[in-house]
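Peer 1: As input, take model_5.txt (compact mmCIF, C-alpha atoms):
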```
# COMPACT_ATOMS: atom_id res chain seq x y z
CA MET R 1 149.66 101.08 92.58
CA PRO R 2 148.55 99.54 89.29
CA MET R 3 147.57 101.94 86.51
CA LYS R 4 144.00 100.69 86.22
CA SER R 5 142.92 101.50 89.73
CA ILE R 6 144.28 105.03 89.38
CA LYS R 7 142.17 105.51 86.30
CA ALA R 8 139.13 104.16 88.08
CA GLN R 9 139.78 106.47 91.00
CA ASN R 10 140.10 109.45 88.67
CA GLY R 11 136.89 108.40 86.94
CA ILE R 12 134.91 108.38 90.17
CA SER R 13 136.22 111.75 91.23
CA ARG R 14 135.50 113.10 87.73
CA THR R 15 131.83 112.10 88.05
CA LEU R 16 131.72 113.76 91.44
CA GLN R 17 133.28 116.87 89.96
CA TYR R 18 130.65 117.08 87.23
CA PHE R 19 127.94 116.63 89.82
CA PHE R 20 129.47 119.35 91.99
CA CYS R 21 129.78 121.75 89.08
CA ILE R 22 126.22 121.20 87.92
CA VAL R 23 124.78 121.71 91.41
CA LEU R 24 126.87 124.84 91.90
CA SER R 25 125.82 126.20 88.52
CA ILE R 26 122.18 125.78 89.45
CA ILE R 27 122.76 127.63 92.72
CA VAL R 28 124.73 130.36 91.01
CA LEU R 29 122.29 130.87 88.17
CA PHE R 30 119.14 130.72 90.25
CA PRO R 31 119.12 134.36 91.38
CA VAL R 32 119.65 135.46 87.80
CA TYR R 33 116.81 133.20 86.69
CA MET R 34 114.59 134.67 89.40
CA GLY R 35 115.36 138.15 88.18
CA ILE R 36 114.60 137.35 84.56
CA ILE R 37 111.43 135.43 85.33
CA GLY R 38 110.28 138.07 87.80
CA GLY R 39 110.43 140.68 85.08
CA PHE R 40 107.73 138.85 83.15
CA LYS R 41 105.26 138.54 86.01
CA SER R 42 102.68 140.83 87.51
CA ASN R 43 102.70 141.41 91.25
CA GLY R 44 99.82 139.00 91.69
CA GLN R 45 101.60 136.24 89.82
CA LEU R 46 104.70 136.85 91.90
CA LEU R 47 102.71 136.50 95.11
CA SER R 48 101.02 133.26 94.12
CA ASP R 49 103.94 131.55 92.39
CA PRO R 50 107.35 133.21 92.77
CA VAL R 51 109.54 130.48 91.25
CA GLY R 52 107.66 128.92 88.34
CA LEU R 53 107.56 130.05 84.75
CA PRO R 54 105.25 133.00 84.07
CA HIS R 55 101.83 131.98 82.85
CA PRO R 56 100.62 134.00 81.00
CA VAL R 57 103.72 136.00 80.12
CA TYR R 58 103.28 139.52 81.42
CA VAL R 59 105.08 142.12 79.32
CA LYS R 60 103.59 145.29 80.77
CA ASN R 61 106.73 145.83 82.93
CA TYR R 62 108.90 146.07 79.85
CA CYS R 63 106.37 148.22 77.96
CA ASP R 64 106.21 150.62 80.90
CA ILE R 65 109.96 150.97 81.01
CA LEU R 66 110.50 151.35 77.29
CA THR R 67 107.67 153.84 76.81
CA GLU R 68 108.71 155.73 79.97
CA THR R 69 105.31 155.30 81.62
CA ILE R 70 107.25 154.59 84.81
CA GLY R 71 110.59 156.26 85.30
CA LEU R 72 112.76 157.89 82.70
CA PHE R 73 114.53 154.95 81.17
CA TRP R 74 115.83 156.59 78.00
CA HIS R 75 116.92 159.67 79.89
CA ALA R 76 118.80 157.51 82.39
CA LEU R 77 120.35 155.49 79.58
CA GLY R 78 121.45 158.71 77.91
CA ASN R 79 123.02 159.90 81.15
CA SER R 80 124.90 156.63 81.52
CA LEU R 81 126.13 156.78 77.95
CA LEU R 82 127.24 160.38 78.34
CA VAL R 83 129.13 159.67 81.56
CA ALA R 84 130.66 156.49 80.14
CA GLY R 85 131.69 158.23 76.93
CA GLY R 86 133.17 161.21 78.73
CA THR R 87 135.04 159.00 81.16
CA VAL R 88 136.51 156.77 78.49
CA GLY R 89 137.48 159.73 76.31
CA ILE R 90 139.23 161.77 78.98
CA THR R 91 140.84 158.73 80.58
CA LEU R 92 142.30 157.55 77.30
CA VAL R 93 143.70 160.92 76.28
CA VAL R 94 145.25 161.65 79.68
CA CYS R 95 146.53 158.14 80.33
CA VAL R 96 148.08 157.55 76.94
CA MET R 97 150.09 160.73 77.32
CA ALA R 98 151.14 159.93 80.88
CA ALA R 99 152.05 156.35 80.13
CA PHE R 100 154.00 157.36 77.03
CA ALA R 101 155.99 159.90 78.99
CA ILE R 102 156.77 157.48 81.77
CA SER R 103 157.76 154.56 79.62
CA ARG R 104 159.50 156.31 76.73
CA ILE R 105 160.87 159.70 77.66
CA LYS R 106 163.93 159.42 79.86
CA PHE R 107 163.73 161.82 82.74
CA ARG R 108 164.73 161.64 86.33
CA ALA R 109 161.39 161.42 88.07
CA SER R 110 159.81 158.78 85.82
CA GLY R 111 160.26 156.06 88.43
CA ILE R 112 158.70 158.25 91.08
CA PHE R 113 155.72 158.99 88.86
CA ARG R 114 155.27 155.33 88.20
CA SER R 115 155.19 154.54 91.91
CA TYR R 116 152.85 157.46 92.39
CA PHE R 117 150.33 155.93 90.02
CA LEU R 118 150.80 152.57 91.70
CA LEU R 119 149.90 154.21 94.99
CA GLY R 120 146.58 155.18 93.43
CA LEU R 121 145.68 151.49 93.17
CA LEU R 122 146.02 151.08 96.92
CA PHE R 123 143.67 153.95 97.69
CA PRO R 124 140.19 152.73 98.58
CA LEU R 125 137.29 154.41 96.84
CA ALA R 126 135.25 154.47 100.03
CA VAL R 127 137.73 156.75 101.74
CA ALA R 128 137.42 159.31 98.99
CA ILE R 129 133.64 159.77 99.20
CA LEU R 130 133.70 162.66 101.66
CA PRO R 131 136.64 164.76 100.48
CA LEU R 132 135.43 164.18 96.95
CA TYR R 133 132.01 165.50 97.83
CA LEU R 134 133.51 168.62 99.41
CA GLN R 135 135.80 169.20 96.49
CA ILE R 136 133.02 168.83 93.94
CA ARG R 137 130.84 171.18 95.96
CA ASN R 138 133.58 173.79 96.19
CA LEU R 139 134.15 173.57 92.47
CA ASN R 140 130.40 174.08 91.94
CA LEU R 141 130.16 170.86 89.98
CA LEU R 142 127.34 169.20 91.95
CA ASP R 143 124.47 168.03 89.73
CA LYS R 144 126.54 168.36 86.60
CA TYR R 145 127.76 165.62 84.29
CA ILE R 146 131.34 166.73 84.53
CA GLY R 147 131.12 166.39 88.32
CA VAL R 148 130.52 162.66 87.84
CA ILE R 149 132.93 162.19 84.98
CA LEU R 150 136.00 163.76 86.56
CA PRO R 151 136.09 161.56 89.70
CA GLN R 152 135.42 158.51 87.53
CA VAL R 153 138.41 159.45 85.40
CA ALA R 154 140.53 160.01 88.47
CA PHE R 155 139.83 156.51 89.75
CA GLN R 156 140.42 154.90 86.37
CA ILE R 157 143.78 156.58 85.83
CA PRO R 158 146.09 154.36 87.97
CA MET R 159 144.94 151.09 86.44
CA THR R 160 144.92 152.43 82.88
CA VAL R 161 148.30 154.10 83.15
CA LEU R 162 149.92 150.96 84.54
CA LEU R 163 148.37 148.82 81.81
CA LEU R 164 149.49 151.23 79.11
CA ILE R 165 153.03 151.46 80.48
CA GLY R 166 153.27 147.72 80.09
CA PHE R 167 151.92 148.01 76.59
CA PHE R 168 154.37 150.75 75.59
CA HIS R 169 157.24 148.69 76.93
CA GLY R 170 156.11 145.97 74.57
CA ILE R 171 156.64 148.14 71.48
CA PRO R 172 160.23 147.79 70.40
CA GLN R 173 162.42 150.85 70.77
CA ASP R 174 163.82 150.31 67.27
CA LEU R 175 160.47 151.20 65.80
CA GLU R 176 160.59 154.58 67.46
CA ASP R 177 164.18 155.15 66.40
CA ALA R 178 163.28 154.37 62.82
CA CYS R 179 160.44 156.88 62.94
CA GLU R 180 162.70 159.53 64.34
CA MET R 181 165.21 158.92 61.56
CA ASP R 182 162.48 159.50 59.05
CA GLY R 183 161.67 162.77 60.72
CA TYR R 184 158.56 161.94 62.68
CA GLY R 185 158.18 163.00 66.30
CA PRO R 186 156.83 160.97 69.18
CA SER R 187 153.35 162.35 68.57
CA TRP R 188 153.23 160.63 65.18
CA LEU R 189 154.41 157.40 66.71
CA SER R 190 151.73 157.28 69.35
CA ARG R 191 149.15 157.54 66.65
CA MET V 1 133.55 179.30 99.78
CA GLU V 2 135.65 180.89 102.48
CA ARG V 3 134.53 178.56 105.23
CA SER V 4 136.12 175.48 103.78
CA ARG V 5 139.52 176.97 103.12
CA THR V 6 140.45 178.10 106.58
CA LEU V 7 140.81 175.76 109.49
CA ARG V 8 138.82 177.05 112.40
CA ARG V 9 137.97 175.42 115.69
CA PHE V 10 140.59 172.71 115.37
CA GLN V 11 139.23 169.61 117.04
CA GLY V 12 142.37 167.64 117.67
CA LEU V 13 141.64 163.96 118.04
CA LYS V 14 138.15 164.46 119.41
CA ASN V 15 136.43 162.85 116.42
CA PHE V 16 138.61 159.78 116.71
CA LYS V 17 137.91 159.50 120.42
CA VAL V 18 134.17 159.62 119.82
CA LEU V 19 134.53 157.17 116.97
CA PHE V 20 136.39 154.50 118.87
CA LYS V 21 133.98 154.74 121.78
CA ASP V 22 130.94 154.44 119.52
CA VAL V 23 129.27 151.06 119.95
CA VAL V 24 127.89 151.16 116.42
CA PHE V 25 131.34 151.60 114.95
CA GLN V 26 132.69 148.73 117.02
CA LYS V 27 129.83 146.63 115.70
CA ALA V 28 130.63 147.73 112.15
CA LEU V 29 134.29 146.81 112.58
CA MET V 30 133.25 143.45 113.99
CA HIS V 31 131.01 142.82 110.98
CA ASN V 32 133.86 143.69 108.65
CA LEU V 33 136.04 141.16 110.43
CA ILE V 34 133.31 138.51 110.19
CA ILE V 35 132.92 139.17 106.48
CA THR V 36 136.68 138.92 106.03
CA VAL V 37 136.95 135.64 107.90
CA VAL V 38 133.97 134.09 106.12
CA SER V 39 135.26 135.06 102.72
CA LEU V 40 138.66 133.61 103.58
CA VAL V 41 137.17 130.39 104.91
CA CYS V 42 134.37 129.82 102.37
CA GLU V 43 135.00 131.89 99.28
CA ILE V 44 138.62 131.11 98.49
CA PRO V 45 138.50 127.33 99.07
CA LEU V 46 135.37 127.17 96.93
CA ALA V 47 137.05 129.23 94.23
CA LEU V 48 140.17 127.09 94.46
CA TYR V 49 138.21 123.86 94.12
CA CYS V 50 136.31 125.18 91.09
CA ALA V 51 139.51 126.46 89.49
CA LEU V 52 141.21 123.08 89.97
CA ILE V 53 138.28 121.27 88.39
CA ILE V 54 137.93 123.68 85.51
CA CYS V 55 141.62 123.82 84.68
CA ASN V 56 141.81 120.06 84.24
CA LYS V 57 142.30 119.29 80.55
CA LYS V 58 140.09 116.22 80.70
CA PHE V 59 137.15 118.12 82.13
CA LYS V 60 134.60 118.83 79.44
CA PHE V 61 132.37 121.92 79.26
CA ALA V 62 134.92 123.82 81.33
CA VAL V 63 134.28 127.03 79.40
CA ILE V 64 130.54 126.88 80.08
CA PHE V 65 130.98 126.36 83.80
CA ARG V 66 133.59 129.08 83.93
CA THR V 67 131.18 131.54 82.33
CA PHE V 68 128.40 130.53 84.71
CA PHE V 69 130.55 130.94 87.80
CA PHE V 70 131.93 134.26 86.64
CA LEU V 71 128.51 135.65 85.74
CA PRO V 72 127.59 137.05 89.19
CA TYR V 73 130.75 139.11 89.27
CA VAL V 74 129.84 140.78 85.99
CA LEU V 75 126.45 141.89 87.30
CA SER V 76 126.57 145.29 88.92
CA GLU V 77 126.65 145.21 92.70
CA VAL V 78 123.39 147.08 93.11
CA ILE V 79 121.60 144.71 90.75
CA SER V 80 122.83 141.64 92.58
CA GLY V 81 121.81 143.21 95.88
CA LEU V 82 118.32 143.77 94.55
CA LEU V 83 118.14 140.23 93.16
CA TRP V 84 118.97 138.78 96.54
CA GLN V 85 116.57 141.08 98.28
CA PHE V 86 113.95 139.72 95.94
CA ILE V 87 114.92 136.15 96.82
CA TYR V 88 114.81 136.78 100.56
CA ASN V 89 111.52 138.64 100.38
CA PRO V 90 109.08 136.79 102.66
CA GLN V 91 106.06 137.68 100.52
CA TYR V 92 107.17 136.70 97.04
CA GLY V 93 110.70 135.35 97.24
CA LEU V 94 112.37 132.01 96.86
CA VAL V 95 112.37 131.63 100.64
CA LYS V 96 108.60 131.78 100.62
CA ALA V 97 108.40 129.14 97.90
CA PHE V 98 110.74 126.93 99.88
CA TYR V 99 108.65 127.23 103.02
CA THR V 100 105.31 126.68 101.35
CA ASN V 101 106.65 123.52 99.70
CA PHE V 102 108.51 121.94 102.59
CA PHE V 103 107.05 123.45 105.76
CA PRO V 104 103.46 124.36 104.88
CA GLY V 105 101.80 126.48 107.51
CA ALA V 106 105.03 127.64 109.14
CA GLN V 107 105.66 131.35 109.25
CA VAL V 108 108.03 132.52 106.51
CA PRO V 109 111.08 134.14 108.09
CA ALA V 110 112.10 137.62 106.98
CA LEU V 111 115.80 136.89 106.71
CA LEU V 112 116.77 140.46 105.92
CA GLY V 113 114.50 141.89 108.61
CA ASN V 114 115.81 139.90 111.52
CA PRO V 115 118.95 141.18 113.24
CA ALA V 116 120.09 137.64 113.93
CA THR V 117 120.01 136.43 110.34
CA VAL V 118 120.65 139.49 108.21
CA LEU V 119 124.44 139.26 108.19
CA GLY V 120 124.38 135.59 107.27
CA ALA V 121 121.93 136.26 104.48
CA ILE V 122 124.14 139.00 103.10
CA LEU V 123 127.22 136.79 103.38
CA VAL V 124 125.59 134.19 101.13
CA ALA V 125 125.08 136.88 98.51
CA VAL V 126 128.65 138.12 98.94
CA ILE V 127 130.10 134.64 98.45
CA TRP V 128 127.79 134.10 95.48
CA LYS V 129 129.02 137.29 93.90
CA TYR V 130 132.77 137.18 94.48
CA PHE V 131 133.87 133.54 94.36
CA GLY V 132 133.89 133.70 90.55
CA PHE V 133 136.32 136.59 90.66
CA HIS V 134 138.75 134.67 92.83
CA MET V 135 138.23 131.63 90.66
CA SER V 136 139.40 133.52 87.58
CA ILE V 137 142.48 134.86 89.37
CA LEU V 138 143.33 131.31 90.40
CA ILE V 139 142.67 129.95 86.91
CA ALA V 140 145.08 132.52 85.51
CA GLY V 141 147.65 131.30 88.03
CA LEU V 142 146.99 127.65 87.19
CA GLN V 143 147.52 128.27 83.51
CA ASP V 144 151.06 129.46 84.24
CA ILE V 145 151.99 126.09 85.72
CA PRO V 146 153.66 124.03 82.98
CA ASP V 147 151.94 120.81 81.93
CA GLU V 148 155.20 118.85 82.04
CA VAL V 149 155.16 118.86 85.81
CA LYS V 150 151.75 117.25 85.91
CA GLU V 151 152.62 114.75 83.18
CA ALA V 152 155.74 113.67 84.99
CA ALA V 153 153.74 113.05 88.14
CA THR V 154 151.08 111.13 86.22
CA ILE V 155 153.74 108.85 84.73
CA ASP V 156 155.10 108.23 88.20
CA GLY V 157 151.64 106.97 89.12
CA ALA V 158 150.14 109.79 91.13
CA THR V 159 146.39 110.27 91.30
CA GLU V 160 144.89 113.61 90.38
CA HIS V 161 144.17 114.29 94.01
CA GLN V 162 147.81 113.69 94.92
CA ILE V 163 149.01 115.89 92.07
CA ASN V 164 146.75 118.71 93.14
CA ARG V 165 147.76 118.53 96.76
CA THR V 166 151.49 118.05 96.52
CA ILE V 167 152.44 119.78 93.27
CA ILE V 168 149.83 122.26 92.12
CA LEU V 169 149.00 123.89 95.45
CA PRO V 170 152.60 124.81 96.40
CA LEU V 171 153.18 126.20 92.90
CA LEU V 172 149.97 128.16 93.09
CA ARG V 173 150.87 129.75 96.41
CA PRO V 174 151.71 133.26 95.10
CA THR V 175 148.38 133.45 93.26
CA ILE V 176 146.48 132.31 96.33
CA LEU V 177 148.24 135.00 98.35
CA ILE V 178 147.14 137.66 95.87
CA SER V 179 143.61 136.31 95.99
CA ILE V 180 143.62 136.51 99.78
CA PHE V 181 144.87 140.08 99.59
CA PHE V 182 142.03 141.13 97.27
CA SER V 183 139.53 139.32 99.44
CA VAL V 184 140.62 141.03 102.67
CA VAL V 185 140.89 144.54 101.23
CA GLY V 186 137.58 144.04 99.42
CA SER V 187 135.88 142.90 102.63
CA PHE V 188 137.09 145.98 104.45
CA GLN V 189 135.63 148.25 101.82
CA ILE V 190 132.41 146.39 101.12
CA PHE V 191 129.55 148.80 100.64
CA ASP V 192 127.35 148.61 97.55
CA ILE V 193 125.84 145.18 98.03
CA ILE V 194 125.08 145.79 101.71
CA TRP V 195 123.55 149.15 100.93
CA ALA V 196 121.39 147.55 98.24
CA MET V 197 120.24 144.83 100.65
CA GLY V 198 118.86 147.08 103.36
CA LYS V 199 121.40 149.78 104.17
CA GLY V 200 123.01 147.86 107.02
CA ASP V 201 119.76 147.77 108.96
CA PRO V 202 117.82 146.53 110.95
CA VAL V 203 119.35 148.02 114.09
CA ASN V 204 122.81 148.30 112.58
CA SER V 205 123.12 144.53 112.51
CA ALA V 206 124.70 144.48 109.05
CA GLU V 207 126.54 147.76 109.39
CA THR V 208 130.03 147.85 107.95
CA MET V 209 132.60 150.59 108.23
CA VAL V 210 131.76 152.15 104.91
CA THR V 211 128.00 152.15 105.45
CA TYR V 212 128.77 153.76 108.80
CA LEU V 213 130.86 156.37 107.03
CA TYR V 214 128.09 157.03 104.57
CA LYS V 215 125.37 157.29 107.19
CA PHE V 216 127.18 159.40 109.74
CA GLY V 217 129.33 161.39 107.37
CA LEU V 218 127.22 162.15 104.34
CA GLN V 219 123.61 161.61 105.32
CA ARG V 220 123.86 163.48 108.61
CA PHE V 221 126.28 165.92 107.05
CA ASN V 222 128.85 165.46 109.76
CA ILE V 223 131.79 165.89 107.44
CA GLY V 224 134.57 166.10 109.99
CA TYR V 225 133.42 162.97 111.75
CA GLY V 226 133.00 161.14 108.46
CA SER V 227 136.53 162.06 107.49
CA ALA V 228 137.76 160.53 110.71
CA VAL V 229 136.00 157.29 109.75
CA ALA V 230 137.51 157.48 106.27
CA VAL V 231 141.00 157.96 107.65
CA THR V 232 140.51 155.00 109.97
CA ILE V 233 139.47 152.74 107.11
CA PHE V 234 142.37 153.93 104.99
CA LEU V 235 144.87 153.34 107.77
CA LEU V 236 143.51 149.86 108.41
CA CYS V 237 143.87 148.98 104.73
CA LEU V 238 147.32 150.55 104.51
CA VAL V 239 148.64 148.78 107.58
CA PHE V 240 147.27 145.51 106.31
CA SER V 241 148.77 145.90 102.83
CA VAL V 242 152.19 146.96 104.07
CA PHE V 243 152.32 144.16 106.63
CA TYR V 244 150.96 141.56 104.23
CA ASN V 245 153.30 142.52 101.39
CA ARG V 246 156.26 142.35 103.69
CA GLN V 247 155.29 138.89 104.90
CA MET V 248 154.71 137.77 101.32
CA PHE V 249 158.09 138.96 100.13
CA LYS V 250 159.77 137.47 103.13
CA SER V 251 158.30 134.04 102.50
CA GLU V 252 159.10 134.24 98.80
CA GLU V 253 162.74 134.96 99.48
CA LYS V 254 163.13 131.81 101.52
```
Could you quickly redo this structure as structure tokens?

Peer 2:
Amino acid sequence: MPMKSIKAQNGISRTLQYFFCIVLSIIVLFPVYMGIIGGFKSNGQLLSDPVGLPHPVYVKNYCDILTETIGLFWHALGNSLLVAGGTVGITLVVCVMAAFAISRIKFRASGIFRSYFLLGLLFPLAVAILPLYLQIRNLNLLDKYIGVILPQVAFQIPMTVLLLIGFFHGIPQDLEDACEMDGYGPSWLSR
Amino acid sequence: MERSRTLRRFQGLKNFKVLFKDVVFQKALMHNLIITVVSLVCEIPLALYCALIICNKKFKFAVIFRTFFFLPYVLSEVISGLLWQFIYNPQYGLVKAFYTNFFPGAQVPALLGNPATVLGAILVAVIWKYFGFHMSILIAGLQDIPDEVKEAATIDGATEHQINRTIILPLLRPTILISIFFSVVGSFQIFDIIWAMGKGDPVNSAETMVTYLYKFGLQRFNIGYGSAVAVTIFLLCLVFSVFYNRQMFKSEEK
């Protein structure tokens, strides 16, 4: 096959590809666009013209949310931040220690522990809903922040530990040896 | 406190017997299978096609399109469920706009309120949400394939289509297998988006196993029965992953 016709063929398929991508982008972005536009419309505007641009722009929705006329936006945001912060904090502390132990300290069961964390990845969240609920109830943690944070942490642990193990393996052992020579323990190193 | 620690009135397999005879659960299982098949047939080929286009060096604006296609996955599941509910709303949704423009006078269908259409409507949203995720897995796999292979084929006079079909796809096989694994396990556990788009109703026609678990276990406070559902889901996932992994390793050894 001569070179030119291949190029022409590639050119045609390239145009088709651009066309495909643009059409798909429009389809993909449309729901997002609807959501954004819908936020700036009153109910009446939505009924008469759901798709078009808002005219006039209706900002009362946003005012209501930000001034807490409807709902408790700032309170909810605070809750989210608190839960997120608590989850990240506890997860990091626990997982760094676990991953360090598994990847750096030589002990017999380290392989088993590693597989144990891997098993956690296979466990579907949906299955845990009920036993989790019972457990939280028995621990009297219902309706408390910590009752949300702890399960979140538990489900983050497998992924985080496995990621961190990989990361710790990436740090050369020599570095640790050098630190030990200078009289620093593992705790200094992990800092 | 005491009641939950001791096992009284042991039920044996009674819960499981009731469960497997329940028509609603059979329906839910069926819906899970439909979702699995549709995501395998529609989602992954779509994701693969997009990944192949985007990974081509000569394709401009690849980063922009990649961001666009990945955007739905970043949105939280509840938010995307609500967005689609908004679109399907017969009073002020996109569907209404479509009908008033193209079929004026015709009655606007309530896609999420009709048992015959609700699952299809949800499936569109599911594909919309998750194809970007599979696309990024596949892109990561494509980036591991060395450019030399493609260049050699180009010099030998192969078209892009030929290169994709005969060289890239076989090399990408392990990544596609992982993608399929995520897709199947994800379909078995799908919950949030269906719950946000009408709680599996009307008349259980979009019920999945997890919404069933939530309704019959938590909302009706039938904890033992719910646990039986949970164990069933877990076993299904476990059997699938063990079987699938074994097959994967077997074919890789060949």

Peer 1: Chain V residues within 8 Å of chain R, counting all atoms listed in the file: which ones, as a PyMOL selection string?

Peer 2: chain V and resi 1+50+53+59+65+68-69+72+83-84+87+91-94+97+128+157-160+189+210+217-218+223+226-227+230-231+233-234+238

Peer 1: Generate the output file for the selected residues, C-alpha atoms, as a PDB file, in the coordinates of the input.

Peer 2:
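Saved file result-v4.pdb follows:
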```pdb
ATOM      1  CA  MET V   1     133.550 179.300  99.780  1.00  0.00           C
ATOM      2  CA  CYS V  50     136.310 125.180  91.090  1.00  0.00           C
ATOM      3  CA  ILE V  53     138.280 121.270  88.390  1.00  0.00           C
ATOM      4  CA  PHE V  59     137.150 118.120  82.130  1.00  0.00           C
ATOM      5  CA  PHE V  65     130.980 126.360  83.800  1.00  0.00           C
ATOM      6  CA  PHE V  68     128.400 130.530  84.710  1.00  0.00           C
ATOM      7  CA  PHE V  69     130.550 130.940  87.800  1.00  0.00           C
ATOM      8  CA  PRO V  72     127.590 137.050  89.190  1.00  0.00           C
ATOM      9  CA  LEU V  83     118.140 140.230  93.160  1.00  0.00           C
ATOM     10  CA  TRP V  84     118.970 138.780  96.540  1.00  0.00           C
ATOM     11  CA  ILE V  87     114.920 136.150  96.820  1.00  0.00           C
ATOM     12  CA  GLN V  91     106.060 137.680 100.520  1.00  0.00           C
ATOM     13  CA  TYR V  92     107.170 136.700  97.040  1.00  0.00           C
ATOM     14  CA  GLY V  93     110.700 135.350  97.240  1.00  0.00           C
ATOM     15  CA  LEU V  94     112.370 132.010  96.860  1.00  0.00           C
ATOM     16  CA  ALA V  97     108.400 129.140  97.900  1.00  0.00           C
ATOM     17  CA  TRP V 128     127.790 134.100  95.480  1.00  0.00           C
ATOM     18  CA  GLY V 157     151.640 106.970  89.120  1.00  0.00           C
ATOM     19  CA  ALA V 158     150.140 109.790  91.130  1.00  0.00           C
ATOM     20  CA  THR V 159     146.390 110.270  91.300  1.00  0.00           C
ATOM     21  CA  GLU V 160     144.890 113.610  90.380  1.00  0.00           C
ATOM     22  CA  GLN V 189     135.630 148.250 101.820  1.00  0.00           C
ATOM     23  CA  VAL V 210     131.760 152.150 104.910  1.00  0.00           C
ATOM     24  CA  GLY V 217     129.330 161.390 107.370  1.00  0.00           C
ATOM     25  CA  LEU V 218     127.220 162.150 104.340  1.00  0.00           C
ATOM     26  CA  ILE V 223     131.790 165.890 107.440  1.00  0.00           C
ATOM     27  CA  GLY V 226     133.000 161.140 108.460  1.00  0.00           C
ATOM     28  CA  SER V 227     136.530 162.060 107.490  1.00  0.00           C
ATOM     29  CA  ALA V 230     137.510 157.480 106.270  1.00  0.00           C
ATOM     30  CA  VAL V 231     141.000 157.960 107.650  1.00  0.00           C
ATOM     31  CA  ILE V 233     139.470 152.740 107.110  1.00  0.00           C
ATOM     32  CA  PHE V 234     142.370 153.930 104.990  1.00  0.00           C
ATOM     33  CA  LEU V 238     147.320 150.550 104.510  1.00  0.00           C
TER      34      LEU V 238
END
```

Peer 1: Would you work out the distance separating CA of Tyr99 (chain V) from CA of Gly81 (chain V), expressed in Å to one decimal?

Peer 2: 21.9 Å

Peer 1: Report, in Å to a single decimal, how far apart CA of Val74 (chain V) and CA of His75 (chain R) are.

Peer 2: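 We find that CA of His75 (chain R) and CA of Val74 (chain V) lie 23.7 Å from each other.
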
Peer 1: With only C-alpha atoms as the counted atoms, please give the residues lying no more than 9 Å from region 143-155 of chain V, apart from itself and same-chain residues fewer than 4 positions off, as a short mmCIF file (atom, residue, chain, number, x, y, z; two decimals) with C-alpha atoms, in the frame of the given file.

Peer 2:
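Generated file (out.cif):
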```cif
data_model
loop_
_atom_site.label_atom_id
_atom_site.label_comp_id
_atom_site.auth_asym_id
_atom_site.auth_seq_id
_atom_site.Cartn_x
_atom_site.Cartn_y
_atom_site.Cartn_z
CA CYS V 55 141.62 123.82 84.68
CA LEU V 138 143.33 131.31 90.40
CA ILE V 139 142.67 129.95 86.91
CA THR V 159 146.39 110.27 91.30
CA GLU V 160 144.89 113.61 90.38
CA ILE V 163 149.01 115.89 92.07
CA ASN V 164 146.75 118.71 93.14
CA ILE V 167 152.44 119.78 93.27
CA ILE V 168 149.83 122.26 92.12
CA LEU V 171 153.18 126.20 92.90
CA LEU V 172 149.97 128.16 93.09
#
```

Peer 1: Which one is closest to Phe86 (chain V): V:Val38, V:Val126, V:Leu46, V:Ala196? Count only C-alpha atoms.

Peer 2: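 Among V:Val38, V:Val126, V:Leu46, V:Ala196, it is V:Ala196 that comes nearest to Phe86 (chain V).
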